[in-house]
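Next comes structure_18.cif, a file with mmCIF, C-alpha atoms and all ligand atoms.
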```
data_model
loop_
_atom_site.group_PDB
_atom_site.id
_atom_site.type_symbol
_atom_site.label_atom_id
_atom_site.label_comp_id
_atom_site.auth_asym_id
_atom_site.auth_seq_id
_atom_site.Cartn_x
_atom_site.Cartn_y
_atom_site.Cartn_z
ATOM 1 C CA MET A 1 6.376 -7.496 -16.386
ATOM 2 C CA GLN A 2 6.780 -4.142 -14.750
ATOM 3 C CA THR A 3 9.190 -3.302 -11.976
ATOM 4 C CA ARG A 4 8.149 -1.854 -8.647
ATOM 5 C CA GLN A 5 9.448 1.557 -9.694
ATOM 6 C CA GLU A 6 7.435 1.451 -12.911
ATOM 7 C CA ALA A 7 4.334 0.504 -10.966
ATOM 8 C CA LEU A 8 4.845 3.369 -8.535
ATOM 9 C CA ARG A 9 5.396 5.790 -11.399
ATOM 10 C CA LYS A 10 2.197 4.699 -13.097
ATOM 11 C CA LEU A 11 0.226 5.082 -9.872
ATOM 12 C CA LYS A 12 1.483 8.652 -9.522
ATOM 13 C CA LYS A 13 -0.166 9.476 -12.836
ATOM 14 C CA SER A 14 -3.574 8.455 -11.516
ATOM 15 C CA ARG A 15 -5.313 11.440 -9.992
ATOM 16 C CA PHE A 16 -7.289 9.176 -7.667
ATOM 17 C CA ARG A 17 -4.419 6.922 -6.519
ATOM 18 C CA SER A 18 -2.010 9.816 -6.070
ATOM 19 C CA SER A 19 -4.505 11.657 -3.883
ATOM 20 C CA PHE A 20 -3.733 9.279 -1.007
ATOM 21 C CA HIS A 21 -1.056 10.346 1.447
ATOM 22 C CA LEU A 22 -0.026 9.415 4.949
ATOM 23 C CA LYS A 23 -0.949 11.860 7.691
ATOM 24 C CA ASP A 24 1.014 12.971 10.758
ATOM 25 C CA LYS A 25 -0.718 10.306 12.808
ATOM 26 C CA ASP A 26 0.480 7.631 10.371
ATOM 27 C CA PHE A 27 4.076 8.902 10.456
ATOM 28 C CA ARG A 28 3.998 8.831 14.248
ATOM 29 C CA TYR A 29 2.623 5.289 14.159
ATOM 30 C CA ILE A 30 5.396 4.146 11.801
ATOM 31 C CA GLU A 31 8.018 5.847 13.949
ATOM 32 C CA GLU A 32 6.653 4.123 17.053
ATOM 33 C CA LYS A 33 6.169 0.642 15.624
ATOM 34 C CA GLY A 34 9.009 0.511 13.138
ATOM 35 C CA MET A 35 8.985 -0.596 9.507
ATOM 36 C CA ASP A 36 9.322 -4.311 10.297
ATOM 37 C CA THR A 37 6.116 -4.301 12.313
ATOM 38 C CA VAL A 38 4.280 -2.332 9.650
ATOM 39 C CA ARG A 39 5.492 -4.882 7.072
ATOM 40 C CA ARG A 40 4.207 -7.712 9.253
ATOM 41 C CA HIS A 41 0.817 -6.004 9.474
ATOM 42 C CA ALA A 42 0.767 -5.598 5.689
ATOM 43 C CA ARG A 43 1.561 -9.284 5.234
ATOM 44 C CA ASP A 44 -1.224 -10.335 7.634
ATOM 45 C CA MET A 45 -3.774 -8.073 5.982
ATOM 46 C CA ILE A 46 -2.949 -9.230 2.466
ATOM 47 C CA ARG A 47 -3.110 -12.864 3.507
ATOM 48 C CA LYS A 48 -6.461 -12.415 5.238
ATOM 49 C CA ASN A 49 -8.395 -10.118 2.936
ATOM 50 C CA LEU A 50 -6.737 -10.032 -0.457
ATOM 51 C CA ALA A 51 -5.206 -13.473 -1.015
ATOM 52 C CA PRO A 52 -8.286 -15.741 -0.690
ATOM 53 C CA ALA A 53 -10.020 -16.815 -3.887
ATOM 54 C CA VAL A 54 -13.365 -15.651 -2.549
ATOM 55 C CA ILE A 55 -13.723 -12.471 -0.509
ATOM 56 C CA PRO A 56 -17.355 -11.840 0.438
ATOM 57 C CA ASN A 57 -16.908 -8.104 1.072
ATOM 58 C CA ASP A 58 -14.433 -7.463 -1.740
ATOM 59 C CA GLY A 59 -14.184 -3.749 -2.423
ATOM 60 C CA LYS A 60 -15.014 -2.896 1.173
ATOM 61 C CA GLN A 61 -12.230 -4.666 3.071
ATOM 62 C CA THR A 62 -9.848 -1.713 3.224
ATOM 63 C CA PRO A 63 -10.856 1.296 5.361
ATOM 64 C CA MET A 64 -9.806 4.780 4.208
ATOM 65 C CA LYS A 65 -7.897 5.521 7.425
ATOM 66 C CA GLY A 66 -6.732 4.001 10.693
ATOM 67 C CA HIS A 67 -3.519 2.283 9.566
ATOM 68 C CA PRO A 68 -0.743 3.354 7.176
ATOM 69 C CA VAL A 69 -1.163 0.100 5.246
ATOM 70 C CA PHE A 70 -4.829 0.942 4.542
ATOM 71 C CA ILE A 71 -3.801 4.207 2.883
ATOM 72 C CA ALA A 72 -0.949 2.512 1.040
ATOM 73 C CA ARG A 73 -3.303 -0.110 -0.333
ATOM 74 C CA HIS A 74 -5.607 2.515 -1.798
ATOM 75 C CA ALA A 75 -2.622 4.405 -3.178
ATOM 76 C CA THR A 76 -1.171 1.293 -4.822
ATOM 77 C CA GLY A 77 -4.365 -0.260 -6.170
ATOM 78 C CA THR A 78 -4.063 -3.238 -3.836
ATOM 79 C CA CYS A 79 -7.169 -2.456 -1.779
ATOM 80 C CA CYS A 80 -9.331 -5.190 -3.292
ATOM 81 C CA ARG A 81 -9.308 -7.863 -5.970
ATOM 82 C CA SER A 82 -11.064 -5.770 -8.584
ATOM 83 C CA CYS A 83 -8.479 -3.001 -8.223
ATOM 84 C CA LEU A 84 -5.704 -5.605 -8.241
ATOM 85 C CA TYR A 85 -7.083 -6.908 -11.507
ATOM 86 C CA LYS A 86 -7.523 -3.457 -12.972
ATOM 87 C CA TRP A 87 -3.975 -2.380 -12.115
ATOM 88 C CA TYR A 88 -1.952 -5.577 -12.379
ATOM 89 C CA ARG A 89 -4.161 -8.001 -14.312
ATOM 90 C CA VAL A 90 -4.148 -10.481 -11.437
ATOM 91 C CA GLN A 91 -6.977 -12.940 -12.067
ATOM 92 C CA GLN A 92 -9.885 -12.738 -9.651
ATOM 93 C CA ASN A 93 -11.435 -15.795 -7.986
ATOM 94 C CA THR A 94 -8.070 -17.522 -7.580
ATOM 95 C CA GLU A 95 -5.978 -17.612 -4.450
ATOM 96 C CA LEU A 96 -2.856 -15.437 -4.560
ATOM 97 C CA THR A 97 0.425 -17.338 -4.362
ATOM 98 C CA GLU A 98 2.955 -16.613 -1.629
ATOM 99 C CA GLU A 99 5.107 -14.939 -4.247
ATOM 100 C CA GLN A 100 2.288 -12.666 -5.419
ATOM 101 C CA GLN A 101 1.499 -11.753 -1.828
ATOM 102 C CA GLU A 102 5.126 -10.890 -1.136
ATOM 103 C CA LYS A 103 5.282 -8.704 -4.262
ATOM 104 C CA ILE A 104 2.207 -6.824 -3.140
ATOM 105 C CA VAL A 105 3.651 -6.337 0.343
ATOM 106 C CA ASN A 106 6.898 -5.062 -1.197
ATOM 107 C CA LEU A 107 4.990 -2.581 -3.330
ATOM 108 C CA ILE A 108 2.996 -1.347 -0.331
ATOM 109 C CA MET A 109 6.157 -0.957 1.727
ATOM 110 C CA ALA A 110 7.974 0.836 -1.105
ATOM 111 C CA TRP A 111 5.104 3.321 -1.298
ATOM 112 C CA ILE A 112 5.200 3.849 2.483
ATOM 113 C CA GLU A 113 8.976 4.321 2.390
ATOM 114 C CA GLU A 114 8.618 6.990 -0.302
ATOM 115 C CA GLU A 115 6.012 8.789 1.784
ATOM 116 C CA VAL A 116 8.287 8.722 4.833
ATOM 117 C CA LEU A 117 11.256 10.014 2.818
ATOM 118 C CA GLU A 118 9.183 12.831 1.355
ATOM 119 C CA HIS A 119 7.815 13.675 4.807
ATOM 120 C CA ASN A 120 11.325 13.803 6.292
ATOM 121 C CA ARG A 121 12.515 15.980 3.420
ATOM 122 C CA LYS A 122 9.748 18.481 4.108
ATOM 123 C CA GLU A 123 10.451 18.476 7.841
ATOM 124 C CA PHE A 124 14.111 19.123 7.139
ATOM 125 C CA ALA A 125 13.305 21.912 4.684
ATOM 126 C CA GLY A 126 11.332 23.606 7.440
ATOM 127 C CA VAL A 127 14.355 23.762 9.735
ATOM 128 C CA ASP A 128 16.349 26.996 9.631
ATOM 129 C CA MET A 129 19.996 26.208 9.145
HETATM 130 ZN ZN ZN A 201 -10.213 -1.527 -4.584
#
```
Could you take the file, read its structure, and then write that structure out as structure tokens?
Amino acid sequence: MQTRQEALRKLKKSRFRSSFHLKDKDFRYIEEKGMDTVRRHARDMIRKNLAPAVIPNDGKQTPMKGHPVFIARHATGTCCRSCLYKWYRVQQNTELTEEQQEKIVNLIMAWIEEEVLEHNRKEFAGVDM
């Protein structure tokens, strides 16, 4: 089994997955709502449109913008069940366990945290000291 860090490293090597980044609007949203709220949103979304055994619109349930978690899901290969299978070999057509859901949420949040750190680093680098 791979660790979260290994998973994130592997994702960075994918040209497609690593092309996703949060935008200023997303950083403002995170700043406003706080990480705990964003995590709660991630948990709700995963439970509703990734965890069920059958998802009628699988592959189309995650928009490309509008919420930081949407972007994070594309970046981490957790946007739909076929990507989840492709990246993590999670069987399709079975309901995700609570533990699996929590792991996915943790991965999403770790990706978001990295984006925020990188964003803050760049902001800081732009300040004349
Ligand atoms: Zn997908």
Neighbours of ligand ZN 201 (chain A) within 8 Å, counting all atoms listed in the file, as JSON, numbers by chain? {"A": [58, 59, 60, 62, 74, 77, 78, 79, 80, 81, 82, 83, 84]}
From the list A:Thr3, A:Asn106, A:Thr97, A:Gln92, which residue is nearest Val38 of chain A when using only C-alpha atoms?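 Checking each candidate against Val38 of chain A, we get A:Asn106 as the closest.
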How many Å lie between atom CA of Ser19 of chain A and atom CA of His119 of chain A, rounded to one decimal?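 Between atom CA of Ser19 of chain A and atom CA of His119 of chain A the gap works out to 15.2 Å.
Using only C-alpha atoms, the nearest neighbour of Asn120 of chain A within the list A:Gln100, A:Arg47, A:Ala53, A:Arg28 is A:Arg28.
Here atom CA of Lys103 of chain A stands at a distance of 14.5 Å from atom CA of Val69 of chain A.
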